[in-house]
file input00.pdb (PDB, C-alpha atoms)
ATOM      1  CA  MET A   1       3.405 -25.620  -8.407
ATOM      2  CA  PHE A   2       0.800 -22.874  -8.075
ATOM      3  CA  PRO A   3       1.786 -19.256  -8.837
ATOM      4  CA  LYS A   4       2.671 -17.281  -5.717
ATOM      5  CA  SER A   5      -0.267 -14.910  -6.183
ATOM      6  CA  ILE A   6      -2.767 -17.764  -6.400
ATOM      7  CA  VAL A   7      -1.378 -19.423  -3.250
ATOM      8  CA  PHE A   8      -1.656 -16.074  -1.483
ATOM      9  CA  ALA A   9      -5.245 -15.665  -2.675
ATOM     10  CA  LEU A  10      -6.251 -19.134  -1.470
ATOM     11  CA  SER A  11      -4.666 -18.753   1.960
ATOM     12  CA  LEU A  12      -6.076 -15.275   2.352
ATOM     13  CA  THR A  13      -9.540 -16.402   1.358
ATOM     14  CA  VAL A  14      -9.439 -19.031   4.117
ATOM     15  CA  SER A  15      -8.248 -16.404   6.610
ATOM     16  CA  LEU A  16     -11.020 -14.022   5.608
ATOM     17  CA  ALA A  17     -13.570 -16.750   6.198
ATOM     18  CA  CYS A  18     -12.252 -17.497   9.684
ATOM     19  CA  ALA A  19     -11.511 -14.050  11.140
ATOM     20  CA  PRO A  20     -12.718 -10.455  11.009
ATOM     21  CA  LEU A  21     -10.871  -8.307   8.470
ATOM     22  CA  SER A  22      -9.559  -6.057  11.218
ATOM     23  CA  ALA A  23      -7.863  -9.019  12.899
ATOM     24  CA  LEU A  24      -5.720  -9.798   9.859
ATOM     25  CA  ALA A  25      -3.702  -6.587  10.000
ATOM     26  CA  GLU A  26      -1.514  -5.570  12.917
ATOM     27  CA  SER A  27      -1.489  -1.831  12.178
ATOM     28  CA  PRO A  28      -3.078   0.725   9.840
ATOM     29  CA  ILE A  29      -0.015   0.524   7.601
ATOM     30  CA  LYS A  30      -0.313  -3.261   7.394
ATOM     31  CA  THR A  31      -4.008  -2.759   6.665
ATOM     32  CA  ALA A  32      -3.058  -0.562   3.707
ATOM     33  CA  GLU A  33      -0.645  -3.232   2.473
ATOM     34  CA  LEU A  34      -3.156  -6.061   2.919
ATOM     35  CA  SER A  35      -5.787  -4.042   1.082
ATOM     36  CA  ALA A  36      -3.428  -3.433  -1.841
ATOM     37  CA  ARG A  37      -2.417  -7.093  -2.050
ATOM     38  CA  LEU A  38      -6.040  -8.216  -1.972
ATOM     39  CA  PHE A  39      -6.869  -5.756  -4.740
ATOM     40  CA  GLU A  40      -3.867  -6.897  -6.789
ATOM     41  CA  VAL A  41      -4.803 -10.581  -6.486
ATOM     42  CA  GLY A  42      -8.464  -9.802  -7.112
ATOM     43  CA  LEU A  43      -7.572  -8.069 -10.371
ATOM     44  CA  GLU A  44      -5.364 -10.960 -11.445
ATOM     45  CA  ALA A  45      -8.031 -13.532 -10.613
ATOM     46  CA  GLY A  46     -10.939 -11.433 -11.861
ATOM     47  CA  ASP A  47     -12.584 -11.974  -8.466
ATOM     48  CA  PRO A  48     -14.906  -9.143  -7.363
ATOM     49  CA  LEU A  49     -15.251 -10.610  -3.849
ATOM     50  CA  LEU A  50     -11.532 -10.219  -3.161
ATOM     51  CA  ILE A  51     -11.721  -6.668  -4.457
ATOM     52  CA  LEU A  52     -14.688  -5.939  -2.193
ATOM     53  CA  ALA A  53     -12.676  -7.235   0.778
ATOM     54  CA  ALA A  54      -9.854  -4.889  -0.250
ATOM     55  CA  ALA A  55     -12.262  -1.949  -0.440
ATOM     56  CA  LYS A  56     -13.749  -2.764   2.963
ATOM     57  CA  LEU A  57     -10.280  -2.751   4.519
ATOM     58  CA  ARG A  58      -9.220   0.451   2.793
ATOM     59  CA  LYS A  59     -12.321   2.282   3.946
ATOM     60  CA  THR A  60     -11.235   1.799   7.578
ATOM     61  CA  LEU A  61      -8.035   3.804   7.082
ATOM     62  CA  ASN A  62      -7.828   7.339   8.435
ATOM     63  CA  LEU A  63      -4.417   8.633   7.409
ATOM     64  CA  THR A  64      -3.251  12.248   7.463
ATOM     65  CA  LEU A  65      -1.945  13.811   4.253
ATOM     66  CA  THR A  66       1.395  15.579   4.647
ATOM     67  CA  GLN A  67       3.735  17.394   2.278
ATOM     68  CA  ARG A  68       7.263  16.017   1.995
ATOM     69  CA  ALA A  69       9.460  16.298  -1.031
ATOM     70  CA  PRO A  70      12.166  13.732  -1.779
ATOM     71  CA  THR A  71      15.398  14.479  -3.550
ATOM     72  CA  ALA A  72      14.818  13.019  -7.021
ATOM     73  CA  ASP A  73      17.621  12.155  -9.425
ATOM     74  CA  SER A  74      15.690  13.789 -12.304
ATOM     75  CA  PRO A  75      12.340  15.464 -13.102
ATOM     76  CA  VAL A  76       9.282  13.292 -13.741
ATOM     77  CA  PRO A  77       6.271  13.773 -16.047
ATOM     78  CA  GLU A  78       3.299  15.524 -14.451
ATOM     79  CA  ASP A  79       0.488  13.677 -16.258
ATOM     80  CA  ILE A  80       0.566  10.514 -14.128
ATOM     81  CA  ALA A  81      -2.388   8.814 -12.450
ATOM     82  CA  THR A  82      -2.707   9.598  -8.759
ATOM     83  CA  ALA A  83      -1.915   6.928  -6.163
ATOM     84  CA  PRO A  84      -3.125   5.287  -4.038
ATOM     85  CA  VAL A  85      -6.289   3.578  -5.265
ATOM     86  CA  SER A  86      -9.248   4.651  -3.121
ATOM     87  CA  TRP A  87     -11.891   2.342  -1.689
ATOM     88  CA  GLN A  88     -14.364   3.967  -4.079
ATOM     89  CA  ASP A  89     -12.130   3.039  -7.031
ATOM     90  CA  MET A  90     -12.021  -0.533  -5.769
ATOM     91  CA  LEU A  91     -15.809  -0.738  -5.555
ATOM     92  CA  ASP A  92     -16.105   0.605  -9.099
ATOM     93  CA  THR A  93     -13.665  -2.063 -10.279
ATOM     94  CA  ALA A  94     -15.649  -4.821  -8.549
ATOM     95  CA  ALA A  95     -18.816  -3.587 -10.249
ATOM     96  CA  GLU A  96     -17.104  -3.662 -13.645
ATOM     97  CA  LEU A  97     -16.064  -7.278 -13.059
ATOM     98  CA  ALA A  98     -19.614  -8.380 -12.219
ATOM     99  CA  PRO A  99     -22.069  -6.500 -14.448
ATOM    100  CA  GLY A 100     -25.662  -7.487 -13.749
ATOM    101  CA  ASP A 101     -24.769  -9.444 -10.589
ATOM    102  CA  ASP A 102     -27.379  -8.427  -8.019
ATOM    103  CA  GLN A 103     -25.498  -9.975  -5.085
ATOM    104  CA  ILE A 104     -22.296  -8.090  -5.871
ATOM    105  CA  ALA A 105     -24.291  -4.900  -6.389
ATOM    106  CA  ALA A 106     -25.921  -5.363  -2.984
ATOM    107  CA  LEU A 107     -22.553  -5.904  -1.291
ATOM    108  CA  ILE A 108     -21.184  -2.796  -2.978
ATOM    109  CA  GLY A 109     -24.164  -0.831  -1.702
ATOM    110  CA  ASP A 110     -23.617  -2.148   1.825
ATOM    111  CA  ILE A 111     -19.957  -1.107   1.836
ATOM    112  CA  ARG A 112     -20.762   2.341   0.462
ATOM    113  CA  ALA A 113     -23.397   2.810   3.180
ATOM    114  CA  GLU A 114     -21.182   1.663   6.063
ATOM    115  CA  ASN A 115     -20.415   4.489   8.458
ATOM    116  CA  THR A 116     -16.848   3.346   8.936
ATOM    117  CA  LYS A 117     -14.240   5.879   9.936
ATOM    118  CA  GLY A 118     -10.891   4.738  11.179
ATOM    119  CA  VAL A 119      -9.408   6.266  14.300
ATOM    120  CA  SER A 120      -6.505   8.602  13.595
ATOM    121  CA  THR A 121      -3.444   6.877  15.053
ATOM    122  CA  GLY A 122      -0.571   9.025  13.798
ATOM    123  CA  GLN A 123       0.148   7.514  10.390
ATOM    124  CA  VAL A 124       0.789  10.069   7.648
ATOM    125  CA  TYR A 125       1.063   9.767   3.891
ATOM    126  CA  SER A 126       2.396  11.818   1.015
ATOM    127  CA  ILE A 127       2.005  11.470  -2.740
ATOM    128  CA  THR A 128       4.677  12.101  -5.338
ATOM    129  CA  ALA A 129       5.851  10.723  -8.686
ATOM    130  CA  ILE A 130       8.986   8.961  -9.855
ATOM    131  CA  ARG A 131      10.375   8.401 -13.329
ATOM    132  CA  ALA A 132      11.133   4.982 -14.798
ATOM    133  CA  GLY A 133      14.476   3.898 -13.371
ATOM    134  CA  GLY A 134      14.440   6.825 -10.954
ATOM    135  CA  THR A 135      15.434   7.091  -7.306
ATOM    136  CA  ASP A 136      13.794   9.247  -4.620
ATOM    137  CA  THR A 137      15.658   9.892  -1.376
ATOM    138  CA  TYR A 138      13.856  11.354   1.633
ATOM    139  CA  PRO A 139      15.472  13.391   4.413
ATOM    140  CA  PRO A 140      15.992  11.334   7.584
ATOM    141  CA  LEU A 141      12.743  10.651   9.441
ATOM    142  CA  PRO A 142      12.924  10.410  13.253
ATOM    143  CA  TYR A 143      12.007   7.123  14.911
ATOM    144  CA  THR A 144      12.085   6.242  18.604
ATOM    145  CA  GLY A 145      14.327   3.474  19.868
ATOM    146  CA  GLY A 146      12.447   0.357  20.952
ATOM    147  CA  GLU A 147       9.232   1.325  19.150
ATOM    148  CA  TYR A 148       8.203  -0.539  16.001
ATOM    149  CA  ALA A 149       8.790   1.557  12.874
ATOM    150  CA  GLU A 150       6.970   1.111   9.563
ATOM    151  CA  VAL A 151       7.326   2.461   6.026
ATOM    152  CA  TYR A 152       5.064   1.553   3.113
ATOM    153  CA  VAL A 153       4.967   2.621  -0.537
ATOM    154  CA  GLU A 154       2.212   1.952  -3.060
ATOM    155  CA  GLY A 155       2.486   2.852  -6.740
ATOM    156  CA  ASN A 156       0.417   2.542  -9.874
ATOM    157  CA  ASP A 157      -0.597  -0.933 -11.006
ATOM    158  CA  GLY A 158       2.078  -2.606 -13.116
ATOM    159  CA  THR A 159       5.085  -0.708 -11.820
ATOM    160  CA  ASP A 160       7.921  -2.117  -9.680
ATOM    161  CA  LEU A 161       8.864  -0.070  -6.616
ATOM    162  CA  ASN A 162      11.709  -1.055  -4.306
ATOM    163  CA  LEU A 163      12.120   0.293  -0.784
ATOM    164  CA  TYR A 164      15.283   0.750   1.283
ATOM    165  CA  VAL A 165      15.725   2.111   4.821
ATOM    166  CA  SER A 166      19.141   3.095   6.215
ATOM    167  CA  ASP A 167      20.241   4.291   9.651
ATOM    168  CA  THR A 168      22.294   7.374  10.542
ATOM    169  CA  LYS A 169      25.506   5.553   9.622
ATOM    170  CA  GLY A 170      24.206   4.559   6.202
ATOM    171  CA  ARG A 171      23.709   0.927   7.161
ATOM    172  CA  LEU A 172      20.774  -0.833   5.504
ATOM    173  CA  VAL A 173      18.275  -1.885   8.163
ATOM    174  CA  CYS A 174      15.395  -3.000   5.941
ATOM    175  CA  SER A 175      14.515  -3.471   2.272
ATOM    176  CA  ASP A 176      11.697  -4.813   0.101
ATOM    177  CA  THR A 177      12.762  -5.528  -3.462
ATOM    178  CA  ASP A 178      10.216  -7.976  -4.823
ATOM    179  CA  ILE A 179       8.651  -7.238  -8.216
ATOM    180  CA  SER A 180       5.533  -5.365  -7.154
ATOM    181  CA  ALA A 181       3.931  -1.930  -7.096
ATOM    182  CA  ILE A 182       3.940  -2.066  -3.286
ATOM    183  CA  ALA A 183       6.722  -2.407  -0.725
ATOM    184  CA  TYR A 184       6.800  -2.575   3.082
ATOM    185  CA  CYS A 185       9.499  -2.272   5.724
ATOM    186  CA  GLY A 186       9.084  -2.810   9.452
ATOM    187  CA  TRP A 187      11.838  -2.806  12.067
ATOM    188  CA  ARG A 188      12.501  -1.940  15.704
ATOM    189  CA  PRO A 189      15.294   0.639  16.087
ATOM    190  CA  ALA A 190      17.792  -0.129  18.822
ATOM    191  CA  GLN A 191      18.017   3.586  19.575
ATOM    192  CA  SER A 192      16.318   6.806  18.555
ATOM    193  CA  GLY A 193      17.554   8.506  15.406
ATOM    194  CA  GLY A 194      16.869   9.534  11.844
ATOM    195  CA  PHE A 195      16.359   6.915   9.143
ATOM    196  CA  THR A 196      16.745   7.609   5.435
ATOM    197  CA  ILE A 197      14.087   6.243   3.075
ATOM    198  CA  GLU A 198      14.940   5.500  -0.539
ATOM    199  CA  VAL A 199      12.402   4.526  -3.205
ATOM    200  CA  LYS A 200      13.548   3.123  -6.547
ATOM    201  CA  ASN A 201      11.365   2.583  -9.596
ATOM    202  CA  ARG A 202      12.585  -0.561 -11.349
ATOM    203  CA  GLY A 203       9.669  -0.435 -13.776
ATOM    204  CA  ARG A 204       9.633   0.763 -17.369
ATOM    205  CA  ALA A 205       7.181   3.611 -16.828
ATOM    206  CA  ALA A 206       6.912   6.602 -14.537
ATOM    207  CA  SER A 207       4.559   6.188 -11.602
ATOM    208  CA  SER A 208       2.986   8.214  -8.849
ATOM    209  CA  TYR A 209       3.119   6.612  -5.417
ATOM    210  CA  SER A 210       2.074   7.137  -1.836
ATOM    211  CA  LEU A 211       4.527   6.909   1.050
ATOM    212  CA  ILE A 212       3.001   6.017   4.418
ATOM    213  CA  THR A 213       4.952   6.207   7.678
ATOM    214  CA  ASN A 214       4.149   5.959  11.367
TER     215      ASN A 214
END
call {"tool": "encode", "arguments": {"input": "input00.pdb", "output": "structure tokens"}}
result
Amino acid sequence: MFPKSIVFALSLTVSLACAPLSALAESPIKTAELSARLFEVGLEAGDPLLILAAAKLRKTLNLTLTQRAPTADSPVPEDIATAPVSWQDMLDTAAELAPGDDQIAALIGDIRAENTKGVSTGQVYSITAIRAGGTDTYPPLPYTGGEYAEVYVEGNDGTDLNLYVSDTKGRLVCSDTDISAIAYCGWRPAQSGGFTIEVKNRGRAASSYSLITN
């Protein structure tokens, strides 16, 4: 039995060979998730090509930074690396994995030179930090009934962030609790209302993270 990450890498590599990158993600938020998963698998496999694909995807994003403060169960350290990883960081990582490789260097140069700017489509993101074992709870965010809603969190490499979304009555409508630094929830509300987002750090170290919503 192959490890889950390797199976994902193989299937994704086939998909990348058969379709444009933009066709693999249904929304900017899914693009962010796909980029992070590609980067994660690329690091694990030591594959600069996967990391370059991740960087190419991430460069297409055009999200708007917003300020929103969760209710945290305790203070967190301030000296934590900033999330999320930028496309420039990804290119630097690919270069470090392939020193002296002229082909990789050329691909990196091509991606840096691309005049790619994603169209702003309403997705916003915020950055905060969470202690090991901590819980962040956000005030209810409004979503429109019948329209697809998305929430995505991305933390520092090696942490374990879990995501929970509850409706106005406190009922859980979506969760992502796998062992990973990223988590995604997508659902279609039956009616308009506020939904509470909760982020839990199951890891052993504090982490900064980005929260992206539509």
call {"tool": "resolve_selection", "arguments": {"input": "input00.pdb", "expression": "the PyMOL selection byres ((chain A and resi 185) around 6)", "output": "PDB file with C-alpha atoms, in the frame of the given file"}}
result
ATOM      1  CA  GLU A 150       6.970   1.111   9.563  1.00  0.00           C
ATOM      2  CA  VAL A 151       7.326   2.461   6.026  1.00  0.00           C
ATOM      3  CA  CYS A 174      15.395  -3.000   5.941  1.00  0.00           C
ATOM      4  CA  TYR A 184       6.800  -2.575   3.082  1.00  0.00           C
ATOM      5  CA  GLY A 186       9.084  -2.810   9.452  1.00  0.00           C
TER       6      GLY A 186
END
call {"tool": "residues_around", "arguments": {"input": "input00.pdb", "residues": "range 132-138 of chain A", "least_positions_apart": "4", "cutoff": "7 Å", "atoms": "all atoms listed in the file", "output": "ChimeraX atom specification"}}
result
/A:70-73,196-206
call {"tool": "axis_aligned_box", "arguments": {"input": "input00.pdb", "around": "range 88-106 of chain A", "padding_each_side": "6 Å", "output": "JSON"}}
result
{"center_x": -19.7, "center_y": -3.0, "center_z": -8.7, "size_x": 27.4, "size_y": 25.9, "size_z": 23.5}
call {"tool": "atom_distance", "arguments": {"input": "input00.pdb", "atom1": "CA of Glu33 in chain A", "atom2": "CA of Thr64 in chain A"}}
result
16.5 Å
call {"tool": "resolve_selection", "arguments": {"input": "input00.pdb", "expression": "the PyMOL selection byres ((chain A and resi 145) around 12)", "output": "VMD selection string"}}
result
chain A and resid 142 to 144 146 to 149 167 187 to 195
call {"tool": "closest_atom_pairs", "arguments": {"input": "input00.pdb", "of": "range 125-208 of chain A", "to": "range 85-97 of chain A", "cutoff": "10 Å", "atoms": "all atoms listed in the file", "output": "tab-separated table"}}
result
residue	atom	partner	partner_atom	distance
A:Glu154	CA	A:Val85	CA	8.9
A:Gly155	CA	A:Val85	CA	8.9
A:Asn156	CA	A:Val85	CA	8.2
A:Asp157	CA	A:Val85	CA	9.3
call {"tool": "write_last_selection", "arguments": {"input": "input00.pdb", "atoms": "C-alpha atoms", "output": "tab-separated table (two decimals), in the frame of the given file"}}
result
chain	number	residue	atom	x	y	z
A	154	GLU	CA	2.21	1.95	-3.06
A	155	GLY	CA	2.49	2.85	-6.74
A	156	ASN	CA	0.42	2.54	-9.87
A	157	ASP	CA	-0.60	-0.93	-11.01
call {"tool": "resolve_selection", "arguments": {"input": "input00.pdb", "expression": "the PyMOL selection byres ((chain A and resi 34-42) around 7)", "output": "PDB file with C-alpha atoms, keeping the file's coordinate frame"}}
result
ATOM      1  CA  SER A   5      -0.267 -14.910  -6.183  1.00  0.00           C
ATOM      2  CA  ALA A   9      -5.245 -15.665  -2.675  1.00  0.00           C
ATOM      3  CA  LYS A  30      -0.313  -3.261   7.394  1.00  0.00           C
ATOM      4  CA  THR A  31      -4.008  -2.759   6.665  1.00  0.00           C
ATOM      5  CA  ALA A  32      -3.058  -0.562   3.707  1.00  0.00           C
ATOM      6  CA  GLU A  33      -0.645  -3.232   2.473  1.00  0.00           C
ATOM      7  CA  LEU A  43      -7.572  -8.069 -10.371  1.00  0.00           C
ATOM      8  CA  GLU A  44      -5.364 -10.960 -11.445  1.00  0.00           C
ATOM      9  CA  ALA A  45      -8.031 -13.532 -10.613  1.00  0.00           C
ATOM     10  CA  GLY A  46     -10.939 -11.433 -11.861  1.00  0.00           C
ATOM     11  CA  ASP A  47     -12.584 -11.974  -8.466  1.00  0.00           C
ATOM     12  CA  PRO A  48     -14.906  -9.143  -7.363  1.00  0.00           C
ATOM     13  CA  LEU A  50     -11.532 -10.219  -3.161  1.00  0.00           C
ATOM     14  CA  ILE A  51     -11.721  -6.668  -4.457  1.00  0.00           C
ATOM     15  CA  ALA A  54      -9.854  -4.889  -0.250  1.00  0.00           C
ATOM     16  CA  ALA A  55     -12.262  -1.949  -0.440  1.00  0.00           C
ATOM     17  CA  LEU A  57     -10.280  -2.751   4.519  1.00  0.00           C
ATOM     18  CA  ARG A  58      -9.220   0.451   2.793  1.00  0.00           C
TER      19      ARG A  58
END
call {"tool": "closest_residue", "arguments": {"input": "input00.pdb", "among": "A:Val165, A:Leu49, A:Ile179, A:Ile80", "to": "Gln103 in chain A", "atoms": "only C-alpha atoms"}}
result
A:Leu49
call {"tool": "closest_residue", "arguments": {"input": "input00.pdb", "among": "A:Ser74, A:Thr177, A:Asn115, A:Ser27", "to": "Lys59 in chain A", "atoms": "all atoms listed in the file"}}
result
A:Asn115
call {"tool": "atom_distance", "arguments": {"input": "input00.pdb", "atom1": "CA of Arg171 in chain A", "atom2": "CA of Tyr152 in chain A"}}
result
19.1 Å
call {"tool": "atom_distance", "arguments": {"input": "input00.pdb", "atom1": "CA of Pro139 in chain A", "atom2": "CA of Val173 in chain A"}}
result
16.0 Å
call {"tool": "closest_residue", "arguments": {"input": "input00.pdb", "among": "A:Leu65, A:Leu211, A:Leu161, A:Leu52", "to": "Leu107 in chain A", "atoms": "only C-alpha atoms"}}
result
A:Leu52
call {"tool": "residues_around", "arguments": {"input": "input00.pdb", "residues": "Ala129 in chain A", "least_positions_apart": "5", "cutoff": "8 Å", "atoms": "only C-alpha atoms", "output": "short mmCIF file (atom, residue, chain, number, x, y, z; two decimals) with C-alpha atoms, keeping the file's coordinate frame"}}
result
data_model
loop_
_atom_site.label_atom_id
_atom_site.label_comp_id
_atom_site.auth_asym_id
_atom_site.auth_seq_id
_atom_site.Cartn_x
_atom_site.Cartn_y
_atom_site.Cartn_z
CA VAL A 76 9.28 13.29 -13.74
CA PRO A 77 6.27 13.77 -16.05
CA GLU A 78 3.30 15.52 -14.45
CA ILE A 80 0.57 10.51 -14.13
CA ALA A 206 6.91 6.60 -14.54
CA SER A 207 4.56 6.19 -11.60
CA SER A 208 2.99 8.21 -8.85
CA TYR A 209 3.12 6.61 -5.42
#
call {"tool": "decode", "arguments": {"input": "input00.pdb", "residues": "range 119-177 of chain A", "atoms": "C-alpha atoms", "output": "PDB file, in the first residue's frame"}}
result
ATOM      1  CA  VAL A 119      -8.959  38.660 -11.029  1.00  0.00           C
ATOM      2  CA  SER A 120     -10.321  39.846  -7.694  1.00  0.00           C
ATOM      3  CA  THR A 121     -13.417  37.730  -7.057  1.00  0.00           C
ATOM      4  CA  GLY A 122     -14.341  38.618  -3.480  1.00  0.00           C
ATOM      5  CA  GLN A 123     -12.220  36.198  -1.465  1.00  0.00           C
ATOM      6  CA  VAL A 124     -10.563  37.739   1.591  1.00  0.00           C
ATOM      7  CA  TYR A 125      -7.890  36.484   3.949  1.00  0.00           C
ATOM      8  CA  SER A 126      -6.581  37.330   7.389  1.00  0.00           C
ATOM      9  CA  ILE A 127      -3.477  36.221   9.260  1.00  0.00           C
ATOM     10  CA  THR A 128      -3.247  35.435  12.951  1.00  0.00           C
ATOM     11  CA  ALA A 129      -1.469  33.026  15.299  1.00  0.00           C
ATOM     12  CA  ILE A 130      -2.619  30.227  17.567  1.00  0.00           C
ATOM     13  CA  ARG A 131      -0.887  28.487  20.445  1.00  0.00           C
ATOM     14  CA  ALA A 132      -0.258  24.745  20.608  1.00  0.00           C
ATOM     15  CA  GLY A 133      -3.516  23.137  21.699  1.00  0.00           C
ATOM     16  CA  GLY A 134      -5.333  26.445  21.288  1.00  0.00           C
ATOM     17  CA  THR A 135      -8.749  27.283  19.876  1.00  0.00           C
ATOM     18  CA  ASP A 136      -9.724  30.389  17.887  1.00  0.00           C
ATOM     19  CA  THR A 137     -13.401  31.238  17.472  1.00  0.00           C
ATOM     20  CA  TYR A 138     -14.514  33.822  14.918  1.00  0.00           C
ATOM     21  CA  PRO A 139     -17.681  35.924  15.124  1.00  0.00           C
ATOM     22  CA  PRO A 140     -20.420  34.622  12.809  1.00  0.00           C
ATOM     23  CA  LEU A 141     -19.712  35.345   9.142  1.00  0.00           C
ATOM     24  CA  PRO A 142     -22.721  35.978   6.871  1.00  0.00           C
ATOM     25  CA  TYR A 143     -23.374  33.578   4.007  1.00  0.00           C
ATOM     26  CA  THR A 144     -26.225  33.618   1.498  1.00  0.00           C
ATOM     27  CA  GLY A 145     -28.637  30.716   1.291  1.00  0.00           C
ATOM     28  CA  GLY A 146     -28.228  28.607  -1.840  1.00  0.00           C
ATOM     29  CA  GLU A 147     -24.769  29.980  -2.656  1.00  0.00           C
ATOM     30  CA  TYR A 148     -21.705  27.786  -2.161  1.00  0.00           C
ATOM     31  CA  ALA A 149     -19.719  28.823   0.922  1.00  0.00           C
ATOM     32  CA  GLU A 150     -16.020  28.131   1.481  1.00  0.00           C
ATOM     33  CA  VAL A 151     -13.572  28.441   4.374  1.00  0.00           C
ATOM     34  CA  TYR A 152      -9.887  27.539   4.210  1.00  0.00           C
ATOM     35  CA  VAL A 153      -7.057  27.688   6.748  1.00  0.00           C
ATOM     36  CA  GLU A 154      -3.346  27.239   6.089  1.00  0.00           C
ATOM     37  CA  GLY A 155      -0.735  27.121   8.845  1.00  0.00           C
ATOM     38  CA  ASN A 156       2.992  26.667   9.172  1.00  0.00           C
ATOM     39  CA  ASP A 157       4.520  23.452   7.862  1.00  0.00           C
ATOM     40  CA  GLY A 158       4.383  20.641  10.408  1.00  0.00           C
ATOM     41  CA  THR A 159       1.436  21.868  12.442  1.00  0.00           C
ATOM     42  CA  ASP A 160      -2.032  20.272  12.624  1.00  0.00           C
ATOM     43  CA  LEU A 161      -4.976  22.640  12.186  1.00  0.00           C
ATOM     44  CA  ASN A 162      -8.580  21.475  12.427  1.00  0.00           C
ATOM     45  CA  LEU A 163     -11.523  23.453  11.080  1.00  0.00           C
ATOM     46  CA  TYR A 164     -15.152  23.480  12.224  1.00  0.00           C
ATOM     47  CA  VAL A 165     -18.128  25.466  10.894  1.00  0.00           C
ATOM     48  CA  SER A 166     -21.413  25.751  12.819  1.00  0.00           C
ATOM     49  CA  ASP A 167     -24.740  27.374  11.953  1.00  0.00           C
ATOM     50  CA  THR A 168     -26.760  29.874  13.997  1.00  0.00           C
ATOM     51  CA  LYS A 169     -28.151  27.059  16.146  1.00  0.00           C
ATOM     52  CA  GLY A 170     -24.706  25.684  16.936  1.00  0.00           C
ATOM     53  CA  ARG A 171     -25.101  22.677  14.665  1.00  0.00           C
ATOM     54  CA  LEU A 172     -21.928  21.472  12.952  1.00  0.00           C
ATOM     55  CA  VAL A 173     -22.316  21.831   9.191  1.00  0.00           C
ATOM     56  CA  CYS A 174     -18.751  21.075   8.097  1.00  0.00           C
ATOM     57  CA  SER A 175     -15.393  20.009   9.527  1.00  0.00           C
ATOM     58  CA  ASP A 176     -11.906  19.037   8.362  1.00  0.00           C
ATOM     59  CA  THR A 177      -9.895  17.222  11.008  1.00  0.00           C
TER      60      THR A 177
END
